[in-house]
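Undergrad: This is the structure I want to talk about, given as structure tokens.
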Amino acid sequence: MNQIFPQGEGNAAAGPKALPGGEGDVPQSLPSFLVARCGDPASWIYSDQKCDGVNNCGDCSDELSPVTTCPPCGPGWWRCPSTVFRYCGCIPRTLCRDHVQHCSDWSDEYSCPGP
């Protein structure tokens, strides 16, 4: 996750331009298709980090609606309400049936077929 720093705070060369509403913006040197906003307007990620199964924004907005619409979990993933901060709506199947709870409903231990 990258933080946005409005101009006037800290090193002006390191921070992008400020928006009229006082919020920052993504670096102007990057094409807009390469960046994606997080649910927190002060944070952004690279576009290829959206829908990758990892909580890159810190609030799961890069993985879950209404901010992002991601396809269902891929074949190497198990859909469940995750208890692991790193994951949002899916966990890697390699975490299934390892005698450690990774899903709040315990489906990773009792329903997931495993890797």
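Chains: A, B, ... in order of the structure tokens. Residues: from 1 per chain. Ligands: from 1, in order shown.
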Please identify which residues in region 25-114 of chain A DSSP calls alpha helix (DSSP H) from the backbone, and express them as a ChimeraX atom specification.
TA: /A:107-110
Undergrad: So which one's closest to Cys57 (chain A), A:Cys73, A:Val35, A:Val100, A:Ile45? Using only C-alpha atoms, please.
TA: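 Among the listed residues, A:Ile45 lies closest to Cys57 (chain A).
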Undergrad: Could you tell me how far CA of Phe85 (chain A) sits from CA of Pro115 (chain A), in Å to one decimal place?
TA: 20.8 Å
Undergrad: Rounded to one decimal in Å, what is the spacing between CA of Cys38 (chain A) and CA of Ser61 (chain A)?
TA: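 Between these atoms lies a distance of 5.7 Å.
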Undergrad: Using only C-alpha atoms, which protein or nucleic acid residues come within 8 Å of Cys51 (chain A)? Drop anything in the same chain fewer than 2 positions from it, and give the result as a PyMOL selection string.
TA: chain A and resi 48-49+53-54+62-63+68+70-71
Undergrad: Go ahead and save the residues from that selection, with C-alpha atoms, as a PDB file, in the first residue's frame.
TA:
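The resulting file, out-v9.pdb, is shown below:
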ATOM      1  CA  ASP A  48      -1.839  -5.610 -10.770  1.00  0.00           C
ATOM      2  CA  GLN A  49      -2.286  -5.906  -6.981  1.00  0.00           C
ATOM      3  CA  GLY A  53      -6.011 -12.545  -3.121  1.00  0.00           C
ATOM      4  CA  VAL A  54      -3.770 -10.465  -0.867  1.00  0.00           C
ATOM      5  CA  ASP A  62      -8.634  -4.169  -3.307  1.00  0.00           C
ATOM      6  CA  GLU A  63     -10.280  -7.589  -2.993  1.00  0.00           C
ATOM      7  CA  THR A  68     -13.535  -3.727  -6.312  1.00  0.00           C
ATOM      8  CA  CYS A  70     -13.087  -9.517  -8.333  1.00  0.00           C
ATOM      9  CA  PRO A  71     -13.777 -12.858 -10.007  1.00  0.00           C
TER      10      PRO A  71
END
Undergrad: Counting only C-alpha atoms, which residue out of A:Gly89, A:Gly114, A:Tyr46, A:Ser82 sits closest to Gln101 (chain A)?
TA: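 The closest residue to Gln101 (chain A) is A:Ser82.
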Undergrad: Name all residues at most 6 Å from region 92-99 of chain A (count only C-alpha atoms; drop same-chain ones fewer than 5 positions away) and give them as a PDB file with N, CA, C and O atoms, in the first residue's frame.
TA:
ATOM      1  N   GLY A  76      -6.550 -22.461  -6.902  1.00  0.00           N
ATOM      2  CA  GLY A  76      -5.648 -22.684  -5.784  1.00  0.00           C
ATOM      3  C   GLY A  76      -6.086 -21.982  -4.509  1.00  0.00           C
ATOM      4  O   GLY A  76      -5.314 -21.888  -3.557  1.00  0.00           O
ATOM      5  N   TRP A  77      -7.343 -21.505  -4.498  1.00  0.00           N
ATOM      6  CA  TRP A  77      -7.845 -20.717  -3.370  1.00  0.00           C
ATOM      7  C   TRP A  77      -9.138 -21.302  -2.826  1.00  0.00           C
ATOM      8  O   TRP A  77      -9.875 -21.975  -3.538  1.00  0.00           O
ATOM      9  N   TRP A  78      -9.435 -21.034  -1.553  1.00  0.00           N
ATOM     10  CA  TRP A  78     -10.670 -21.456  -0.892  1.00  0.00           C
ATOM     11  C   TRP A  78     -11.401 -20.207  -0.410  1.00  0.00           C
ATOM     12  O   TRP A  78     -10.816 -19.377   0.286  1.00  0.00           O
ATOM     13  N   ASP A 108     -11.912 -24.031   6.444  1.00  0.00           N
ATOM     14  CA  ASP A 108     -10.600 -24.432   5.938  1.00  0.00           C
ATOM     15  C   ASP A 108     -10.133 -25.756   6.538  1.00  0.00           C
ATOM     16  O   ASP A 108      -9.335 -26.461   5.946  1.00  0.00           O
ATOM     17  N   GLU A 109     -10.674 -26.097   7.687  1.00  0.00           N
ATOM     18  CA  GLU A 109     -10.276 -27.346   8.347  1.00  0.00           C
ATOM     19  C   GLU A 109     -11.282 -28.470   8.129  1.00  0.00           C
ATOM     20  O   GLU A 109     -10.915 -29.639   8.179  1.00  0.00           O
ATOM     21  N   GLY A 114      -8.411 -29.200   0.508  1.00  0.00           N
ATOM     22  CA  GLY A 114      -6.957 -29.131   0.620  1.00  0.00           C
ATOM     23  C   GLY A 114      -6.302 -28.810  -0.712  1.00  0.00           C
ATOM     24  O   GLY A 114      -6.966 -28.564  -1.706  1.00  0.00           O
ATOM     25  N   PRO A 115      -4.961 -28.796  -0.706  1.00  0.00           N
ATOM     26  CA  PRO A 115      -4.221 -28.398  -1.927  1.00  0.00           C
ATOM     27  C   PRO A 115      -4.422 -29.364  -3.073  1.00  0.00           C
ATOM     28  O   PRO A 115      -4.817 -30.452  -2.960  1.00  0.00           O
TER      29      PRO A 115
END
